[in-house]
Structures are given as C-alpha cells and as structure tokens.
$ cat target.txt   # compact mmCIF, C-alpha atoms
# COMPACT_ATOMS: atom_id res chain seq x y z
CA MET A 250 -13.46 -0.95 14.22
CA SER A 251 -16.66 1.04 14.38
CA PRO A 252 -17.03 3.13 11.24
CA SER A 253 -19.40 6.05 11.18
CA HIS A 254 -22.14 5.71 8.60
CA VAL A 255 -23.44 8.70 6.70
CA GLY A 256 -27.11 8.35 5.79
CA PRO A 257 -28.88 9.09 2.51
CA SER A 258 -28.43 12.54 1.07
CA GLY A 259 -32.01 12.94 -0.04
CA ASP A 260 -30.98 14.00 -3.54
CA ASP A 261 -31.65 11.93 -6.64
CA ARG A 262 -28.09 11.10 -7.66
CA GLY A 263 -28.91 7.96 -9.59
CA GLY A 264 -26.41 5.14 -10.04
CA GLY A 265 -23.76 7.30 -11.71
CA ALA A 266 -22.97 9.61 -8.79
CA VAL A 267 -19.31 10.07 -8.03
CA ALA A 268 -17.87 10.81 -4.60
CA GLU A 269 -14.99 13.23 -4.44
CA LEU A 270 -12.51 14.22 -1.79
CA VAL A 271 -13.53 17.59 -0.37
CA SER A 272 -10.67 18.50 1.92
CA PRO A 273 -8.16 16.83 4.19
CA ALA A 274 -8.32 17.45 7.93
CA ALA A 275 -5.64 16.61 10.45
CA VAL A 276 -6.33 14.31 13.40
CA ALA A 277 -3.28 13.86 15.59
CA PRO A 278 -3.65 11.65 18.70
CA GLU A 279 -0.28 10.00 17.94
CA GLY A 280 1.34 13.35 17.37
CA ALA A 281 0.91 16.22 15.00
CA ALA A 282 2.18 15.73 11.50
CA PRO A 283 4.91 18.26 10.67
CA PRO A 284 3.80 21.11 8.38
CA ALA A 285 5.77 19.68 5.44
CA VAL A 286 3.90 16.37 5.85
CA GLU A 287 0.55 18.20 5.95
CA ASP A 288 1.53 19.96 2.72
CA ALA A 289 2.38 16.60 1.13
CA LEU A 290 -0.98 15.19 2.21
CA ARG A 291 -2.83 18.11 0.62
CA ARG A 292 -0.90 17.69 -2.64
CA GLN A 293 -1.62 13.95 -2.79
CA HIS A 294 -5.22 13.77 -1.60
CA ASP A 295 -6.47 12.98 -5.13
CA ARG A 296 -4.74 9.59 -4.92
CA LEU A 297 -7.77 8.42 -2.91
CA ARG A 298 -10.35 9.64 -5.45
CA PRO A 299 -10.76 6.20 -7.14
CA CYS A 300 -11.54 4.70 -3.71
CA TRP A 301 -14.31 7.26 -3.09
CA GLU A 302 -15.71 6.82 -6.61
CA ARG A 303 -15.96 3.06 -6.18
CA LEU A 304 -17.53 3.46 -2.73
CA ALA A 305 -20.18 5.83 -4.16
CA LEU A 306 -21.10 3.27 -6.81
CA ASP A 307 -21.19 0.35 -4.36
CA HIS A 308 -23.03 2.30 -1.62
CA PRO A 309 -25.25 4.96 -3.24
CA ASP A 310 -26.80 5.75 0.17
CA VAL A 311 -23.46 7.17 1.37
CA ALA A 312 -23.54 10.89 0.56
CA GLY A 313 -20.17 11.67 2.12
CA GLY A 314 -17.98 10.84 5.02
CA ARG A 315 -14.56 10.64 6.54
CA ALA A 316 -11.81 8.07 6.36
CA ILE A 317 -9.20 8.22 9.12
CA VAL A 318 -5.84 6.74 8.19
CA ARG A 319 -2.93 6.12 10.56
CA PHE A 320 0.43 6.60 8.84
CA GLN A 321 3.85 5.45 9.96
CA ILE A 322 6.64 7.11 7.98
CA ASP A 323 10.36 6.46 8.19
CA PRO A 324 12.96 9.29 8.22
CA SER A 325 13.45 8.99 4.44
CA GLY A 326 9.76 9.85 3.89
CA ARG A 327 8.73 6.31 2.91
CA VAL A 328 5.40 5.05 4.24
CA LEU A 329 6.02 2.01 6.44
CA SER A 330 2.34 1.44 7.14
CA ALA A 331 -1.03 3.02 6.41
CA ASP A 332 -4.07 1.63 8.20
CA LEU A 333 -7.68 2.67 7.70
CA LEU A 334 -8.99 3.21 11.23
CA SER A 335 -12.53 4.22 10.29
CA GLY A 336 -14.59 4.99 7.23
CA PRO A 337 -18.13 5.88 6.23
CA VAL A 338 -19.09 2.19 5.91
CA GLU A 339 -17.32 -1.13 6.47
CA ASP A 340 -16.31 -2.16 2.96
CA PRO A 341 -13.32 -4.47 2.33
CA SER A 342 -12.70 -3.08 -1.18
CA PHE A 343 -12.68 0.49 0.14
CA ARG A 344 -10.30 -0.48 2.96
CA THR A 345 -7.89 -2.21 0.56
CA CYS A 346 -7.98 0.69 -1.89
CA VAL A 347 -7.39 3.39 0.75
CA GLU A 348 -4.57 1.50 2.47
CA GLN A 349 -2.82 0.63 -0.79
CA ARG A 350 -3.02 4.16 -2.18
CA ALA A 351 -1.99 5.72 1.14
CA ARG A 352 1.11 3.48 1.21
CA GLU A 353 2.04 4.84 -2.23
CA MET A 354 2.19 8.44 -0.98
CA ASN A 355 5.54 10.23 -0.74
CA PHE A 356 6.59 12.46 2.14
CA PRO A 357 9.57 14.74 2.78
CA GLN A 358 12.57 13.46 4.69
CA GLY A 359 12.58 14.03 8.42
CA ASP A 360 14.85 13.61 11.42
CA ALA A 361 12.92 10.70 12.91
CA PRO A 362 10.10 8.30 12.10
CA SER A 363 6.60 9.80 12.28
CA LEU A 364 3.35 8.25 13.46
CA PHE A 365 0.17 10.26 12.93
CA ARG A 366 -3.48 10.08 11.87
CA HIS A 367 -5.06 12.01 9.04
CA ALA A 368 -8.74 12.37 8.15
CA PHE A 369 -9.73 12.48 4.50
CA GLU A 370 -13.24 13.89 3.98
CA PHE A 371 -15.47 13.61 0.94
CA GLY A 372 -18.99 14.55 -0.09
CA VAL A 373 -21.48 14.67 -2.91
CA SER A 374 -23.38 17.80 -3.93
CA ALA A 375 -26.74 17.99 -5.64
CA ARG A 376 -25.37 20.45 -8.24
CA ASP A 377 -23.44 18.06 -10.46
CA GLY A 378 -23.08 14.93 -8.37
CA VAL A 379 -19.72 15.96 -6.92
CA GLU A 380 -18.70 18.40 -4.22
$ encode --input "target.txt" --output "structure tokens"
Amino acid sequence: MSPSHVGPSGDDRGGGAVAELVSPAAVAPEGAAPPAVEDALRRQHDRLRPCWERLALDHPDVAGGRAIVRFQIDPSGRVLSADLLSGPVEDPSFRTCVEQRAREMNFPQGDAPSLFRHAFEFGVSARDGVE
C-alpha cells in the first residue's frame, strides 16, 4: 500500500486539534455504488470520526486527507469486508479503527452482492481546529 501523506497545515493547532470528516466522495473502480448505498454512506460517515480524531492526536502534522475503503456487501446489506486501501499516513491503529467501524455500517438490501470503493475525506481548519 502506498498512502498519500498530507503535509503540515502551517497553522498552530497545538496538541488538542481534532480532525473531522468533511465529506464523503465516491471512488468506483469495482463498480459504482447504488444511490441507496451512497445515501447510507453519507448518513453513517460520522462513524469514522473517532478514527480521524485519534489520527490527529497521533500525527499532528497531518492537516487532512483521504481514506479509501473497499467494501464488499451481501444482498442483505451486511458488510462482508471493509479494507482500508490508502490513508493519509500508514498507521496500524488508524487502519484497525477504520476497518472495524466500516464493517459495522448498515446498507439497504439489494439484488446482488456489491463490491465498491468509497473515499472518506477529512480536514482541519484554522478557525476552531475542525473543518
């Protein structure tokens, strides 16, 4: 895996800065996620917030970034697998957190299993430490 690293933000966030999910973005080399699945991802994106917060504390030089997760979902909407394909830095705790929380997501029933990628983006603003 070759994660992309986001450099220092240049702002003085101190040790208490908190990273927050900004917005989800679809990435679909395996196939586009159905609209109902995209809606479910948007509703559940806050599940990853604790992962970002921990990453911001452990890596204060990371001002934001993107985590790409590959999901495999069965027809009942249950997540069969969720794998972190790339993130802002290589961090085993971040990987474990993202994969565990992504596996806990719920999706609508479908006609067939789904395999897709989804990018979760986050950032930190100078205003109040969170964007």
$ atom_distance --input "target.txt" --atom1 "atom CA of A:Leu306" --atom2 "atom CA of A:Arg366"
26.6 Å
$ closest_residue --input "target.txt" --among "A:Leu364, A:Ala351, A:Val286, A:Ala316" --to "A:Pro337" --atoms "all atoms listed in the file"
A:Ala316
$ atom_distance --input "target.txt" --atom1 "atom CA of A:Pro309" --atom2 "atom CA of A:Glu353"
27.3 Å
$ closest_residue --input "target.txt" --among "A:Gly313, A:Gly372, A:Pro341, A:Pro283" --to "A:Pro357" --atoms "all atoms listed in the file"
A:Pro283
$ atom_distance --input "target.txt" --atom1 "atom CA of A:Glu302" --atom2 "atom CA of A:Gln321"
25.7 Å
$ closest_residue --input "target.txt" --among "A:Glu370, A:Leu334, A:Phe356, A:Gly326" --to "A:Trp301" --atoms "all atoms listed in the file"
A:Glu370
$ closest_residue --input "target.txt" --among "A:Gly359, A:Ala331, A:Phe343, A:Ala368" --to "A:Pro284" --atoms "all atoms listed in the file"
A:Gly359
